[in-house]
file my_file-v7.pdb (PDB, C-alpha atoms)
ATOM      1  CA  MET A   1      83.738  98.176 112.709  1.00  0.00           C
ATOM      2  CA  SER A   2      85.237  97.232 109.367  1.00  0.00           C
ATOM      3  CA  GLU A   3      84.364  95.671 106.028  1.00  0.00           C
ATOM      4  CA  LEU A   4      87.714  93.890 106.135  1.00  0.00           C
ATOM      5  CA  THR A   5      87.701  90.877 108.426  1.00  0.00           C
ATOM      6  CA  ILE A   6      90.222  88.212 109.290  1.00  0.00           C
ATOM      7  CA  GLU A   7      88.221  85.776 107.137  1.00  0.00           C
ATOM      8  CA  LYS A   8      88.632  88.061 104.096  1.00  0.00           C
ATOM      9  CA  ILE A   9      92.441  88.191 104.355  1.00  0.00           C
ATOM     10  CA  THR A  10      92.654  85.317 101.884  1.00  0.00           C
ATOM     11  CA  ASP A  11      91.233  87.714  99.248  1.00  0.00           C
ATOM     12  CA  ILE A  12      94.273  90.014  99.514  1.00  0.00           C
ATOM     13  CA  ALA A  13      96.997  89.905  96.849  1.00  0.00           C
ATOM     14  CA  PHE A  14     100.141  90.304  98.962  1.00  0.00           C
ATOM     15  CA  ASN A  15     103.267  91.117  96.892  1.00  0.00           C
ATOM     16  CA  GLN A  16     106.265  88.803  96.433  1.00  0.00           C
ATOM     17  CA  ASP A  17     107.635  89.986  99.801  1.00  0.00           C
ATOM     18  CA  GLY A  18     104.377  89.051 101.535  1.00  0.00           C
ATOM     19  CA  LEU A  19     103.379  92.705 102.009  1.00  0.00           C
ATOM     20  CA  VAL A  20     100.481  94.917 100.991  1.00  0.00           C
ATOM     21  CA  PRO A  21     100.548  98.752 100.882  1.00  0.00           C
ATOM     22  CA  VAL A  22      98.234 100.546 103.286  1.00  0.00           C
ATOM     23  CA  VAL A  23      96.893 104.075 102.792  1.00  0.00           C
ATOM     24  CA  VAL A  24      95.961 105.607 106.137  1.00  0.00           C
ATOM     25  CA  GLN A  25      93.443 108.458 106.462  1.00  0.00           C
ATOM     26  CA  GLU A  26      92.114 110.384 109.448  1.00  0.00           C
ATOM     27  CA  ALA A  27      88.485 109.261 109.756  1.00  0.00           C
ATOM     28  CA  THR A  28      87.034 112.656 110.673  1.00  0.00           C
ATOM     29  CA  THR A  29      88.917 114.956 108.284  1.00  0.00           C
ATOM     30  CA  LEU A  30      89.780 112.451 105.511  1.00  0.00           C
ATOM     31  CA  GLU A  31      93.336 113.797 105.593  1.00  0.00           C
ATOM     32  CA  VAL A  32      95.821 111.282 104.169  1.00  0.00           C
ATOM     33  CA  LEU A  33      98.254 110.606 107.010  1.00  0.00           C
ATOM     34  CA  MET A  34     100.680 108.051 105.659  1.00  0.00           C
ATOM     35  CA  LEU A  35     101.444 105.073 103.468  1.00  0.00           C
ATOM     36  CA  ALA A  36     102.858 101.964 105.101  1.00  0.00           C
ATOM     37  CA  TYR A  37     102.967  98.198 104.589  1.00  0.00           C
ATOM     38  CA  MET A  38     101.409  95.227 106.335  1.00  0.00           C
ATOM     39  CA  SER A  39     102.167  91.535 106.310  1.00  0.00           C
ATOM     40  CA  GLN A  40      99.401  89.005 106.867  1.00  0.00           C
ATOM     41  CA  ASP A  41     100.435  88.759 110.535  1.00  0.00           C
ATOM     42  CA  THR A  42     100.412  92.525 111.146  1.00  0.00           C
ATOM     43  CA  LEU A  43      97.076  92.841 109.354  1.00  0.00           C
ATOM     44  CA  GLU A  44      95.586  90.126 111.552  1.00  0.00           C
ATOM     45  CA  GLN A  45      97.037  91.831 114.645  1.00  0.00           C
ATOM     46  CA  THR A  46      95.553  95.170 113.549  1.00  0.00           C
ATOM     47  CA  LEU A  47      92.105  93.641 113.049  1.00  0.00           C
ATOM     48  CA  ARG A  48      92.303  91.823 116.411  1.00  0.00           C
ATOM     49  CA  THR A  49      93.541  94.765 118.493  1.00  0.00           C
ATOM     50  CA  GLY A  50      92.044  97.762 116.666  1.00  0.00           C
ATOM     51  CA  THR A  51      95.459  99.475 116.765  1.00  0.00           C
ATOM     52  CA  MET A  52      97.397  99.989 113.529  1.00  0.00           C
ATOM     53  CA  THR A  53     100.303  97.574 113.310  1.00  0.00           C
ATOM     54  CA  TYR A  54     102.664  97.586 110.336  1.00  0.00           C
ATOM     55  CA  TRP A  55     105.660  95.777 108.911  1.00  0.00           C
ATOM     56  CA  SER A  56     108.658  98.107 108.870  1.00  0.00           C
ATOM     57  CA  ARG A  57     110.549  97.437 105.651  1.00  0.00           C
ATOM     58  CA  SER A  58     113.529  99.517 106.790  1.00  0.00           C
ATOM     59  CA  ARG A  59     113.863  97.785 110.177  1.00  0.00           C
ATOM     60  CA  GLY A  60     112.552  94.389 109.084  1.00  0.00           C
ATOM     61  CA  CYS A  61     110.224  94.028 112.057  1.00  0.00           C
ATOM     62  CA  VAL A  62     106.698  94.503 113.385  1.00  0.00           C
ATOM     63  CA  TRP A  63     105.879  98.123 114.204  1.00  0.00           C
ATOM     64  CA  VAL A  64     102.903  99.072 116.377  1.00  0.00           C
ATOM     65  CA  LYS A  65     102.201 102.698 115.509  1.00  0.00           C
ATOM     66  CA  GLY A  66     102.481 104.739 118.704  1.00  0.00           C
ATOM     67  CA  GLU A  67     104.202 102.079 120.800  1.00  0.00           C
ATOM     68  CA  THR A  68     107.192 104.345 121.455  1.00  0.00           C
ATOM     69  CA  SER A  69     105.761 107.773 120.531  1.00  0.00           C
ATOM     70  CA  GLY A  70     102.333 107.480 122.123  1.00  0.00           C
ATOM     71  CA  GLN A  71     100.793 108.585 118.820  1.00  0.00           C
ATOM     72  CA  PHE A  72      98.582 105.557 118.247  1.00  0.00           C
ATOM     73  CA  GLN A  73      96.231 105.046 115.331  1.00  0.00           C
ATOM     74  CA  ILE A  74      92.888 103.508 116.275  1.00  0.00           C
ATOM     75  CA  VAL A  75      91.063 101.659 113.479  1.00  0.00           C
ATOM     76  CA  LYS A  76      87.656 102.995 112.490  1.00  0.00           C
ATOM     77  CA  SER A  77      87.226 101.099 109.201  1.00  0.00           C
ATOM     78  CA  ALA A  78      89.191  99.178 106.603  1.00  0.00           C
ATOM     79  CA  LYS A  79      88.651  98.473 102.925  1.00  0.00           C
ATOM     80  CA  LEU A  80      90.318  96.486 100.173  1.00  0.00           C
ATOM     81  CA  ASP A  81      90.686  98.065  96.715  1.00  0.00           C
ATOM     82  CA  CYS A  82      89.279  96.650  93.464  1.00  0.00           C
ATOM     83  CA  ASP A  83      92.545  94.912  92.519  1.00  0.00           C
ATOM     84  CA  ARG A  84      92.822  93.413  96.033  1.00  0.00           C
ATOM     85  CA  ASP A  85      96.399  94.744  96.350  1.00  0.00           C
ATOM     86  CA  THR A  86      96.014  97.892  98.461  1.00  0.00           C
ATOM     87  CA  LEU A  87      94.283  98.564 101.771  1.00  0.00           C
ATOM     88  CA  LEU A  88      92.624 101.756 102.974  1.00  0.00           C
ATOM     89  CA  PHE A  89      92.323 102.282 106.729  1.00  0.00           C
ATOM     90  CA  MET A  90      90.367 105.086 108.322  1.00  0.00           C
ATOM     91  CA  VAL A  91      91.808 105.823 111.759  1.00  0.00           C
ATOM     92  CA  GLU A  92      91.598 108.114 114.732  1.00  0.00           C
ATOM     93  CA  GLN A  93      95.088 109.597 114.991  1.00  0.00           C
ATOM     94  CA  GLN A  94      96.001 110.067 118.635  1.00  0.00           C
ATOM     95  CA  GLY A  95      98.764 112.447 119.636  1.00  0.00           C
ATOM     96  CA  GLY A  96     100.361 115.138 117.527  1.00  0.00           C
ATOM     97  CA  GLY A  97     100.947 113.411 114.232  1.00  0.00           C
ATOM     98  CA  ALA A  98     101.442 110.365 112.086  1.00  0.00           C
ATOM     99  CA  CYS A  99     104.872 111.160 110.648  1.00  0.00           C
ATOM    100  CA  HIS A 100     108.126 110.084 112.274  1.00  0.00           C
ATOM    101  CA  THR A 101     109.308 113.689 111.743  1.00  0.00           C
ATOM    102  CA  GLY A 102     106.616 114.907 114.120  1.00  0.00           C
ATOM    103  CA  ALA A 103     104.444 116.339 111.342  1.00  0.00           C
ATOM    104  CA  ARG A 104     100.703 115.689 111.365  1.00  0.00           C
ATOM    105  CA  THR A 105     100.935 113.836 108.047  1.00  0.00           C
ATOM    106  CA  CYS A 106     103.788 112.289 106.088  1.00  0.00           C
ATOM    107  CA  PHE A 107     102.608 114.289 103.048  1.00  0.00           C
ATOM    108  CA  PHE A 108     103.819 117.769 104.028  1.00  0.00           C
ATOM    109  CA  ARG A 109     106.329 118.428 101.243  1.00  0.00           C
ATOM    110  CA  ASP A 110     105.019 120.335  98.226  1.00  0.00           C
ATOM    111  CA  LEU A 111     105.944 118.883  94.860  1.00  0.00           C
ATOM    112  CA  MET A 112     104.178 121.531  92.764  1.00  0.00           C
TER
END
call {"tool": "encode", "arguments": {"input": "my_file-v7.pdb", "output": "structure tokens"}}
result
Amino acid sequence: MSELTIEKITDIAFNQDGLVPVVVQEATTLEVLMLAYMSQDTLEQTLRTGTMTYWSRSRGCVWVKGETSGQFQIVKSAKLDCDRDTLLFMVEQQGGGACHTGARTCFFRDLM
């Protein structure tokens, strides 16, 4: 399923808060859905279950994407960047969207 395995977690450079940023893309369209953060525990849970699980910095707790909304993200692949400090997950987005606002993607506001 994924190039990133539980054994390779030791290669990841988690920040001083024990978190790593995660870019999430729709596997079929390559649309960037969101940016979130994972701890080592939520990364291990994601790799075990195949369902995206994050660390919510604002709530200070584990957050299984879709647990309350039904809009789950199913892991298709995962990669670690060259600096070992950012993850890229390709997912199947289930339900209407990835954003807490109900939008398909969190990147819906034009800057330019």
call {"tool": "resolve_selection", "arguments": {"input": "my_file-v7.pdb", "expression": "the PyMOL selection byres ((chain A and resi 39) around 10)", "output": "list in words"}}
result
Phe14, Asn15, Asp17, Gly18, Leu19, Val20, Pro21, Tyr37, Met38, Gln40, Asp41, Thr42, Leu43, Glu44, Gln45, Thr53, Tyr54, Trp55, Ser56 and Val62 of chain A
call {"tool": "closest_residue", "arguments": {"input": "my_file-v7.pdb", "among": "A:Met112, A:Met52, A:Val23, A:Leu47", "to": "Gln94 of chain A", "atoms": "all atoms listed in the file"}}
result
A:Met52
call {"tool": "atom_distance", "arguments": {"input": "my_file-v7.pdb", "atom1": "atom CA of Val22 of chain A", "atom2": "atom CA of Phe89 of chain A"}}
result
7.1 Å
call {"tool": "residues_around", "arguments": {"input": "my_file-v7.pdb", "residues": "segment 48-51 of chain A", "least_positions_apart": "5", "cutoff": "6 Å", "atoms": "all atoms listed in the file", "output": "list in words"}}
result
Gln73, Ile74 and Val75 of chain A
call {"tool": "atom_distance", "arguments": {"input": "my_file-v7.pdb", "atom1": "atom CA of Arg57 of chain A", "atom2": "atom CA of Leu30 of chain A"}}
result
25.6 Å
call {"tool": "closest_residue", "arguments": {"input": "my_file-v7.pdb", "among": "A:Glu26, A:Glu31, A:Asp11, A:Glu92", "to": "Leu80 of chain A", "atoms": "all atoms listed in the file"}}
result
A:Asp11
call {"tool": "atom_distance", "arguments": {"input": "my_file-v7.pdb", "atom1": "atom CA of Ser58 of chain A", "atom2": "atom CA of Val24 of chain A"}}
result
18.6 Å
call {"tool": "residues_around", "arguments": {"input": "my_file-v7.pdb", "residues": "Thr28 of chain A", "least_positions_apart": "5", "cutoff": "10 Å", "atoms": "all atoms listed in the file", "output": "list in words"}}
result
Lys76, Met90, Val91, Glu92 and Gln93 of chain A
call {"tool": "closest_residue", "arguments": {"input": "my_file-v7.pdb", "among": "A:Ile12, A:Val32, A:Leu88, A:Cys82", "to": "Phe108 of chain A", "atoms": "all atoms listed in the file"}}
result
A:Val32
call {"tool": "closest_residue", "arguments": {"input": "my_file-v7.pdb", "among": "A:Ser77, A:Asp85, A:Gly66, A:Gln25", "to": "Thr10 of chain A", "atoms": "only C-alpha atoms"}}
result
A:Asp85
call {"tool": "axis_aligned_box", "arguments": {"input": "my_file-v7.pdb", "around": "segment 28-36 of chain A", "padding_each_side": "5 Å", "output": "lines of an AutoDock Vina configuration file"}}
result
center_x = 94.9
center_y = 108.5
center_z = 107.1
size_x = 25.8
size_y = 23.0
size_z = 17.2
call {"tool": "closest_residue", "arguments": {"input": "my_file-v7.pdb", "among": "A:Ala103, A:Leu35, A:Ile9, A:Ala98", "to": "Phe72 of chain A", "atoms": "only C-alpha atoms"}}
result
A:Ala98
call {"tool": "resolve_selection", "arguments": {"input": "my_file-v7.pdb", "expression": "the PyMOL selection byres ((chain A and resi 107) around 8)", "output": "short mmCIF file (atom, residue, chain, number, x, y, z; two decimals) with C-alpha atoms, in the coordinates of the input"}}
result
data_model
loop_
_atom_site.label_atom_id
_atom_site.label_comp_id
_atom_site.auth_asym_id
_atom_site.auth_seq_id
_atom_site.Cartn_x
_atom_site.Cartn_y
_atom_site.Cartn_z
CA VAL A 32 95.82 111.28 104.17
CA LEU A 33 98.25 110.61 107.01
CA MET A 34 100.68 108.05 105.66
CA THR A 105 100.94 113.84 108.05
CA CYS A 106 103.79 112.29 106.09
CA PHE A 108 103.82 117.77 104.03
CA ARG A 109 106.33 118.43 101.24
#
call {"tool": "resolve_selection", "arguments": {"input": "my_file-v7.pdb", "expression": "the PyMOL selection byres ((chain A and resi 69) around 12)", "output": "VMD selection string"}}
result
chain A and resid 63 to 68 70 to 73 94 to 102
